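Raw contents of structure-v4.pdb, PDB, C-alpha atoms and all ligand atoms:
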ATOM      1  CA  MET A   1      10.829  -6.953  16.937
ATOM      2  CA  GLU A   2       7.379  -7.173  15.561
ATOM      3  CA  GLU A   3       4.027  -5.552  15.540
ATOM      4  CA  LEU A   4       0.718  -7.065  14.701
ATOM      5  CA  LEU A   5      -1.666  -4.720  12.983
ATOM      6  CA  ARG A   6      -4.787  -5.952  14.667
ATOM      7  CA  ARG A   7      -8.287  -5.777  13.327
ATOM      8  CA  SER A   8      -9.827  -2.331  13.812
ATOM      9  CA  GLU A   9      -7.387  -1.449  16.592
ATOM     10  CA  LYS A  10      -5.654   1.197  14.517
ATOM     11  CA  LEU A  11      -8.568   2.134  12.351
ATOM     12  CA  THR A  12      -9.354   5.762  12.473
ATOM     13  CA  THR A  13     -12.892   7.033  12.259
ATOM     14  CA  VAL A  14     -14.117   8.605   9.060
ATOM     15  CA  GLY A  15     -14.209  12.006  10.728
ATOM     16  CA  GLN A  16     -10.582  11.812  11.853
ATOM     17  CA  LEU A  17      -9.570  10.652   8.406
ATOM     18  CA  ALA A  18     -11.419  13.477   6.709
ATOM     19  CA  ALA A  19      -9.740  15.969   9.029
ATOM     20  CA  GLY A  20      -6.387  14.394   8.183
ATOM     21  CA  VAL A  21      -6.991  14.603   4.451
ATOM     22  CA  ALA A  22      -8.142  18.183   4.722
ATOM     23  CA  HIS A  23      -4.978  19.052   6.593
ATOM     24  CA  GLU A  24      -2.675  17.210   4.183
ATOM     25  CA  ILE A  25      -4.281  18.898   1.207
ATOM     26  CA  ARG A  26      -4.381  22.347   2.732
ATOM     27  CA  ASN A  27      -0.586  22.515   3.038
ATOM     28  CA  PRO A  28       0.167  22.183  -0.679
ATOM     29  CA  LEU A  29      -2.829  24.416  -1.464
ATOM     30  CA  THR A  30      -1.357  27.136   0.744
ATOM     31  CA  THR A  31       1.925  26.885  -1.152
ATOM     32  CA  LEU A  32       0.137  27.063  -4.496
ATOM     33  CA  ARG A  33      -1.877  30.078  -3.409
ATOM     34  CA  GLY A  34       1.251  31.831  -2.171
ATOM     35  CA  PHE A  35       3.021  31.485  -5.501
ATOM     36  CA  LEU A  36      -0.032  32.577  -7.490
ATOM     37  CA  GLN A  37      -0.425  35.605  -5.266
ATOM     38  CA  MET A  38       3.234  36.443  -5.790
ATOM     39  CA  GLN A  39       2.751  36.176  -9.544
ATOM     40  CA  GLN A  40      -0.254  38.494  -9.359
ATOM     41  CA  ARG A  41       1.641  41.113  -7.374
ATOM     42  CA  THR A  42       5.108  41.001  -8.814
ATOM     43  CA  LYS A  43       4.921  38.802 -11.944
ATOM     44  CA  SER A  44       8.044  37.100 -10.627
ATOM     45  CA  ILE A  45       7.315  33.381 -10.839
ATOM     46  CA  ASN A  46      10.321  31.446 -12.115
ATOM     47  CA  GLN A  47      11.069  27.869 -13.144
ATOM     48  CA  MET A  48      11.818  26.772  -9.582
ATOM     49  CA  HIS A  49       8.445  28.097  -8.408
ATOM     50  CA  THR A  50       6.545  26.311 -11.168
ATOM     51  CA  ASP A  51       8.447  23.088 -10.378
ATOM     52  CA  ILE A  52       7.340  23.355  -6.761
ATOM     53  CA  MET A  53       3.773  24.133  -7.823
ATOM     54  CA  LEU A  54       3.700  21.062 -10.065
ATOM     55  CA  SER A  55       5.019  18.785  -7.362
ATOM     56  CA  GLU A  56       2.506  20.185  -4.860
ATOM     57  CA  LEU A  57      -0.290  19.506  -7.350
ATOM     58  CA  ASP A  58       1.047  15.961  -7.839
ATOM     59  CA  ARG A  59       0.971  15.498  -4.096
ATOM     60  CA  ILE A  60      -2.676  16.547  -3.846
ATOM     61  CA  ASN A  61      -3.477  14.225  -6.714
ATOM     62  CA  LEU A  62      -1.721  11.284  -5.030
ATOM     63  CA  ILE A  63      -3.503  11.808  -1.719
ATOM     64  CA  VAL A  64      -6.867  12.012  -3.450
ATOM     65  CA  SER A  65      -6.179   8.880  -5.545
ATOM     66  CA  GLU A  66      -5.177   6.823  -2.526
ATOM     67  CA  PHE A  67      -8.305   7.963  -0.751
ATOM     68  CA  LEU A  68     -10.549   7.111  -3.662
ATOM     69  CA  ILE A  69      -9.499   3.488  -3.278
ATOM     70  CA  LEU A  70     -11.120   3.549   0.163
ATOM     71  CA  ALA A  71     -14.101   5.605  -0.828
ATOM     72  CA  LYS A  72     -15.123   3.686  -3.955
ATOM     73  CA  PRO A  73     -18.898   3.653  -3.612
ATOM     74  CA  GLN A  74     -19.764   0.957  -6.139
ATOM     75  CA  ALA A  75     -20.345  -2.597  -4.990
ATOM     76  CA  VAL A  76     -17.258  -4.675  -5.559
ATOM     77  CA  GLN A  77     -17.376  -8.070  -7.181
ATOM     78  CA  PHE A  78     -15.847 -10.903  -5.199
ATOM     79  CA  GLU A  79     -14.644 -13.842  -7.276
ATOM     80  CA  VAL A  80     -12.507 -16.919  -6.768
ATOM     81  CA  ARG A  81      -8.955 -16.277  -7.971
ATOM     82  CA  ASP A  82      -5.666 -18.137  -7.916
ATOM     83  CA  VAL A  83      -3.386 -15.756  -6.002
ATOM     84  CA  ARG A  84      -0.385 -17.097  -7.941
ATOM     85  CA  PHE A  85      -1.720 -15.315 -11.019
ATOM     86  CA  THR A  86      -2.826 -12.157  -9.201
ATOM     87  CA  LEU A  87       0.578 -11.756  -7.567
ATOM     88  CA  GLY A  88       2.290 -12.802 -10.820
ATOM     89  CA  ASP A  89       0.493  -9.982 -12.659
ATOM     90  CA  VAL A  90       1.652  -7.435 -10.100
ATOM     91  CA  ILE A  91       5.244  -8.678 -10.336
ATOM     92  CA  SER A  92       5.150  -8.247 -14.133
ATOM     93  CA  LEU A  93       3.718  -4.772 -13.677
ATOM     94  CA  LEU A  94       6.533  -3.665 -11.357
ATOM     95  CA  ASP A  95       9.360  -5.688 -12.887
ATOM     96  CA  SER A  96      10.845  -3.027 -15.164
ATOM     97  CA  GLU A  97      10.798  -0.426 -12.395
ATOM     98  CA  ALA A  98      12.491  -2.949 -10.098
ATOM     99  CA  HIS A  99      15.214  -3.647 -12.681
ATOM    100  CA  LEU A 100      15.898   0.073 -12.963
ATOM    101  CA  HIS A 101      16.714   0.057  -9.256
ATOM    102  CA  ASN A 102      18.748  -3.168  -9.275
ATOM    103  CA  ILE A 103      15.981  -5.000  -7.473
ATOM    104  CA  GLU A 104      15.136  -8.591  -8.255
ATOM    105  CA  PHE A 105      11.854 -10.302  -7.403
ATOM    106  CA  GLN A 106      12.356 -13.874  -6.280
ATOM    107  CA  PRO A 107       9.042 -15.763  -6.313
ATOM    108  CA  HIS A 108       8.601 -19.037  -4.432
ATOM    109  CA  PHE A 109       5.063 -20.042  -5.315
ATOM    110  CA  SER A 110       3.144 -23.156  -4.402
ATOM    111  CA  SER A 111       2.950 -25.587  -7.339
ATOM    112  CA  SER A 112      -0.778 -26.069  -6.755
ATOM    113  CA  PRO A 113      -3.465 -23.357  -6.997
ATOM    114  CA  VAL A 114      -3.958 -20.998  -4.036
ATOM    115  CA  LEU A 115      -7.580 -19.957  -4.327
ATOM    116  CA  VAL A 116      -9.103 -17.024  -2.479
ATOM    117  CA  HIS A 117     -12.490 -15.360  -2.659
ATOM    118  CA  CYS A 118     -11.463 -11.821  -3.484
ATOM    119  CA  GLU A 119     -11.996  -8.567  -5.313
ATOM    120  CA  GLU A 120      -8.990  -8.974  -7.583
ATOM    121  CA  ASN A 121      -8.308  -5.285  -8.227
ATOM    122  CA  GLN A 122      -8.250  -4.582  -4.517
ATOM    123  CA  LEU A 123      -5.945  -7.529  -3.904
ATOM    124  CA  LYS A 124      -3.635  -6.252  -6.640
ATOM    125  CA  GLN A 125      -3.645  -2.876  -4.906
ATOM    126  CA  VAL A 126      -2.537  -4.590  -1.691
ATOM    127  CA  PHE A 127       0.367  -6.318  -3.457
ATOM    128  CA  ILE A 128       1.348  -3.116  -5.283
ATOM    129  CA  ASN A 129       1.421  -1.170  -1.999
ATOM    130  CA  ILE A 130       3.502  -3.807  -0.198
ATOM    131  CA  LEU A 131       5.938  -4.344  -3.087
ATOM    132  CA  LYS A 132       6.374  -0.613  -3.639
ATOM    133  CA  ASN A 133       7.185  -0.103   0.025
ATOM    134  CA  ALA A 134       9.728  -2.939  -0.196
ATOM    135  CA  MET A 135      11.299  -1.387  -3.301
ATOM    136  CA  GLU A 136      11.377   2.082  -1.778
ATOM    137  CA  ALA A 137      13.163   0.647   1.269
ATOM    138  CA  MET A 138      16.008  -0.640  -0.937
ATOM    139  CA  PRO A 139      17.602   2.376  -2.646
ATOM    140  CA  ALA A 140      20.777   0.366  -3.263
ATOM    141  CA  GLY A 141      18.892  -2.584  -4.756
ATOM    142  CA  GLY A 142      18.711  -6.209  -3.635
ATOM    143  CA  THR A 143      16.297  -9.109  -3.600
ATOM    144  CA  ILE A 144      12.634  -9.192  -2.678
ATOM    145  CA  ARG A 145      11.476 -12.681  -1.790
ATOM    146  CA  LEU A 146       7.836 -13.542  -2.464
ATOM    147  CA  GLN A 147       6.484 -16.689  -0.842
ATOM    148  CA  LEU A 148       3.017 -17.963  -1.515
ATOM    149  CA  ALA A 149       1.499 -21.112  -0.059
ATOM    150  CA  GLU A 150      -1.785 -22.612   1.064
ATOM    151  CA  GLU A 151      -1.842 -24.029   4.581
ATOM    152  CA  SER A 152      -4.881 -25.483   6.301
ATOM    153  CA  GLY A 153      -7.528 -23.203   4.873
ATOM    154  CA  ALA A 154      -5.364 -20.096   4.565
ATOM    155  CA  ALA A 155      -3.457 -18.440   1.764
ATOM    156  CA  ILE A 156      -0.164 -17.201   3.171
ATOM    157  CA  ILE A 157       1.637 -14.481   1.251
ATOM    158  CA  ARG A 158       4.993 -13.340   2.557
ATOM    159  CA  VAL A 159       7.088 -10.501   1.143
ATOM    160  CA  THR A 160      10.614 -10.193   2.515
ATOM    161  CA  ASP A 161      12.895  -7.337   1.572
ATOM    162  CA  GLU A 162      16.522  -6.489   2.318
ATOM    163  CA  GLY A 163      15.784  -2.840   2.896
ATOM    164  CA  GLU A 164      16.460  -0.298   5.594
ATOM    165  CA  GLY A 165      14.065  -1.945   8.044
ATOM    166  CA  ILE A 166      11.794  -0.213  10.555
ATOM    167  CA  SER A 167      12.628   0.806  14.105
ATOM    168  CA  LYS A 168      10.455  -0.365  17.002
ATOM    169  CA  GLU A 169       9.036   3.141  17.491
ATOM    170  CA  ARG A 170       8.109   3.460  13.820
ATOM    171  CA  LEU A 171       6.706  -0.067  13.723
ATOM    172  CA  GLU A 172       4.181   0.986  16.336
ATOM    173  CA  LYS A 173       3.002   3.844  14.135
ATOM    174  CA  LEU A 174       2.466   1.787  10.988
ATOM    175  CA  GLY A 175      -1.087   1.737   9.732
ATOM    176  CA  GLU A 176      -1.755   5.204  11.122
ATOM    177  CA  PRO A 177      -2.736   7.464   8.267
ATOM    178  CA  PHE A 178      -0.204  10.038   7.051
ATOM    179  CA  TYR A 179       2.729   8.451   8.820
ATOM    180  CA  THR A 180       5.552   8.495   6.281
ATOM    181  CA  ASN A 181       9.322   8.874   6.248
ATOM    182  CA  LYS A 182       9.398   9.605   2.513
ATOM    183  CA  GLU A 183       9.644  12.993   0.905
ATOM    184  CA  LYS A 184       7.016  12.003  -1.649
ATOM    185  CA  GLY A 185       5.084   9.603   0.561
ATOM    186  CA  THR A 186       1.452   9.975   1.575
ATOM    187  CA  GLY A 187       1.480   7.542   4.495
ATOM    188  CA  LEU A 188      -1.805   6.116   3.243
ATOM    189  CA  GLY A 189      -0.649   2.915   1.528
ATOM    190  CA  LEU A 190      -0.587   0.664   4.571
ATOM    191  CA  MET A 191      -3.882   1.955   5.900
ATOM    192  CA  VAL A 192      -5.583   1.261   2.568
ATOM    193  CA  THR A 193      -3.875  -2.147   2.494
ATOM    194  CA  GLN A 194      -5.070  -2.967   5.998
ATOM    195  CA  ARG A 195      -8.655  -1.996   5.181
ATOM    196  CA  ILE A 196      -8.734  -4.103   2.022
ATOM    197  CA  ILE A 197      -7.344  -7.119   3.870
ATOM    198  CA  GLU A 198      -9.999  -6.700   6.558
ATOM    199  CA  GLY A 199     -12.638  -6.566   3.827
ATOM    200  CA  HIS A 200     -11.317  -9.995   2.826
ATOM    201  CA  ARG A 201     -11.453 -11.286   6.413
ATOM    202  CA  GLY A 202      -7.708 -11.591   6.480
ATOM    203  CA  SER A 203      -4.869 -10.253   8.571
ATOM    204  CA  MET A 204      -1.491  -8.640   8.082
ATOM    205  CA  ARG A 205       1.640  -8.858  10.194
ATOM    206  CA  ILE A 206       4.802  -6.801   9.800
ATOM    207  CA  GLU A 207       8.140  -7.877  11.257
ATOM    208  CA  SER A 208      11.241  -5.829  10.801
ATOM    209  CA  GLU A 209      14.794  -5.351  11.898
ATOM    210  CA  LEU A 210      16.518  -2.032  11.425
ATOM    211  CA  GLY A 211      19.267  -2.280   8.819
ATOM    212  CA  LYS A 212      18.314  -5.832   7.847
ATOM    213  CA  GLY A 213      14.922  -5.756   6.230
ATOM    214  CA  THR A 214      11.214  -6.204   6.605
ATOM    215  CA  CYS A 215       8.861  -9.134   6.255
ATOM    216  CA  VAL A 216       5.167  -8.571   5.587
ATOM    217  CA  THR A 217       2.864 -11.570   6.007
ATOM    218  CA  ILE A 218      -0.674 -11.503   4.701
ATOM    219  CA  ILE A 219      -3.075 -14.269   5.601
ATOM    220  CA  LEU A 220      -6.323 -14.654   3.694
ATOM    221  CA  PRO A 221      -8.947 -17.350   4.058
ATOM    222  CA  SER A 222      -8.499 -19.723   1.116
ATOM    223  CA  THR A 223     -11.376 -21.402  -0.591
ATOM    224  CA  GLU A 224     -12.318 -24.343  -2.786
ATOM    225  CA  ALA A 225     -13.214 -23.413  -6.344
ATOM    226  CA  ARG A 226     -16.872 -22.397  -6.427
ATOM    227  CA  SER A 227     -19.296 -20.313  -8.388
ATOM    228  CA  ASP A 228     -19.054 -16.525  -8.272
ATOM    229  CA  THR A 229     -22.732 -15.997  -7.682
ATOM    230  CA  ASP A 230     -23.143 -17.376  -4.189
ATOM    231  CA  GLU A 231     -24.589 -15.275  -1.390
ATOM    232  CA  ASP A 232     -21.198 -13.759  -0.668
ATOM    233  CA  GLY A 233     -20.844 -12.786  -4.282
ATOM    234  CA  LYS A 234     -21.234  -9.098  -3.677
ATOM    235  CA  GLN A 235     -19.636  -7.209  -0.870
ATOM    236  CA  SER A 236     -18.491  -3.729  -0.349
ATOM    237  CA  LEU A 237     -15.587  -2.422   1.673
ATOM    238  CA  ALA A 238     -16.999  -1.389   5.028
TER     239      ALA A 238
HETATM  240  P1  LIG B   1       4.230   5.754   2.190
HETATM  241  O1  LIG B   1       4.802   4.610   1.384
HETATM  242  O2  LIG B   1       3.497   6.754   1.355
HETATM  243  O3  LIG B   1       5.239   6.394   3.109
HETATM  244  P2  LIG B   1       2.836   3.638   3.600
HETATM  245  O4  LIG B   1       1.584   3.650   4.403
HETATM  246  O5  LIG B   1       2.898   2.724   2.423
HETATM  247  O6  LIG B   1       3.091   5.161   3.152
HETATM  248  O7  LIG B   1       4.040   3.313   4.569
HETATM  249  C1  LIG B   1       4.217   4.075   5.757
HETATM  250  C2  LIG B   1       5.641   4.008   6.254
HETATM  251  O8  LIG B   1       5.960   2.688   6.697
HETATM  252  C3  LIG B   1       6.706   4.312   5.206
HETATM  253  O9  LIG B   1       6.910   5.706   5.052
HETATM  254  C4  LIG B   1       7.928   3.618   5.808
HETATM  255  O10 LIG B   1       8.501   4.448   6.798
HETATM  256  C5  LIG B   1       7.340   2.417   6.508
HETATM  257  N1  LIG B   1       7.465   1.174   5.713
HETATM  258  C6  LIG B   1       6.472   0.497   5.124
HETATM  259  N2  LIG B   1       6.935  -0.611   4.503
HETATM  260  C7  LIG B   1       8.268  -0.624   4.701
HETATM  261  C8  LIG B   1       9.336  -1.520   4.314
HETATM  262  N3  LIG B   1       9.112  -2.613   3.580
HETATM  263  N4  LIG B   1      10.601  -1.205   4.744
HETATM  264  C9  LIG B   1      10.830  -0.109   5.495
HETATM  265  N5  LIG B   1       9.882   0.770   5.883
HETATM  266  C10 LIG B   1       8.607   0.522   5.499
HETATM  267 MG    MG B   2       3.695   3.111   0.453
END

Transcribe the structure of this file into structure tokens.
Ligand code: ADP
Ligand code: MG
Amino acid sequence: MEELLRRSEKLTTVGQLAAGVAHEIRNPLTTLRGFLQMQQRTKSINQMHTDIMLSELDRINLIVSEFLILAKPQAVQFEVRDVRFTLGDVISLLDSEAHLHNIEFQPHFSSSPVLVHCEENQLKQVFINILKNAMEAMPAGGTIRLQLAEESGAAIIRVTDEGEGISKERLEKLGEPFYTNKEKGTGLGLMVTQRIIEGHRGSMRIESELGKGTCVTIILPSTEARSDTDEDGKQSLA
């Protein structure tokens, strides 16, 4: 059971995306307005109402933050990086949260450098999104395997979890904005991930079996070490 998220196939136009964001933000705004109106009329807001209002505000904030990653207007700086360190940094960042949930990261990294021409912060965002999804799929804990190797001009990064897995029907919907099965999810992570990978001329493949786990493979063109100021030095996310 697998689904290849192909280049541009599932990309939504800016207009559709904007409409989607507007819709997703309007729902929590409606809730917030309702409670404020109730307060104005009857002064009857209680703790439960303010809790809901706070979580609705958090939701708006999350949606906007995920979108900003796509919308960043400034030119991004592409540099040559050893993915072992980039992925290593992200593992350190998420390690304590993983431990809290009885999740163990199991890295299997190439012993030699795996160099890619990348915007490192964006690449970190990709790894954060993928690892968070893996962690969120394993509420009872388990192992997340991280393989990293260089093979004939490509950096191959593979993240395998032991989580709930994804059904065939859901697999087909992945990468569509706002598709989520999580109460606090935005359904934007994979779309952002896919766009960043495309900006790096790479590809992503997701294989999954319900009840067994999911394997995400990211392939990026690898490079020889070279200066950061070549003609490709500055690119922006299209
Ligand atoms: P979010 O995490 O906010 O729901 P994403 O775009 O990151 O949004 O993921 C969309 C959906 O894809 C998730 O809600 C989940 O249903 C599914 N998914 C992604 N990664 C995994 C995984 N590793 N295991 C199981 N389901 C996953
Ligand atoms: Mg996610």

task = Please indicate the distance in Å from atom CA of Ser208 of chain A to atom CA of Gly165 of chain A, rounded to one decimal place.
result =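 It comes out at 5.5 Å.
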
Padded axis-aligned box of segment 121-132 of chain A (8 Å per side), centre and edge lengths, Å, one decimal, as AutoDock Vina command-line options:
--center_x -1.0 --center_y -4.1 --center_z -4.2 --size_x 30.7 --size_y 22.9 --size_z 24.0

request  = Return as number ranges by chain the set of residues that the PyMOL selection byres (((not hetatm)) within 9 of (chain B and resi 1)) yields on the displayed structure.
outcome  = A: 129-138, 159-167, 170-171, 173-193, 206, 208, 210, 213-216

message = Please enumerate the residues selected by the PyMOL selection byres (((chain A and resi 106-119) around 7) and not hetatm) when evaluated against the supplied file, formatted as number ranges by chain.
response = A: 76-84, 104-105, 120-123, 143-150, 155, 200, 221-225

inquiry  = Could you tell me, as a ChimeraX atom specification, exactly which residues end up selected when the PyMOL selection byres (((chain A and resi 19-30) around 8) and not hetatm) is applied to this structure?
reply    = /A:15-18,31-34,56-57,59-60,63,177-178

query = Nearest to ligand MG 2 (chain B): which of A:Ile103, A:Ile69, A:Val126, A:Ile157 is it, counting only C-alpha atoms and all ligand atoms?
reply =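 Result for the nearest residue to ligand MG 2 (chain B): A:Val126.
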
message = Report, in Å to a single decimal, how far apart atom CA of Gln37 of chain A and atom CA of Asp51 of chain A are.
response =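 One can read the atom CA of Asp51 of chain A to atom CA of Gln37 of chain A distance as 16.2 Å.
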
ask   = For ligand MG 2 (chain B), which of A:Leu93, A:Ala98, A:Ile156, A:Leu62 is the closest residue, counting all atoms listed in the file?
value =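 With all atoms listed in the file as the atom set, the closest residue is A:Leu62.
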
ask   = Just how far from atom CA of Phe127 of chain A is atom CA of Leu100 of chain A, in Å to one decimal?
value =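 Those two atoms sit 19.3 Å apart.
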
Using only C-alpha atoms and all ligand atoms: which of A:Gln39, A:Ile45, A:Met204, A:Glu66 has the shortest distance to ligand MG 2 (chain B) =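 Using only C-alpha atoms and all ligand atoms, the shortest distance to ligand MG 2 (chain B) belongs to A:Glu66.
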
task = Extract, using all atoms listed in the file, all DNA, RNA and protein residues at most 10 Å from Phe35 of chain A, discarding same-chain residues fewer than 5 positions from it, and format them as an NGL selection string.
result = :A and (30 or 40-41 or 43-46 or 49-50 or 52-53)
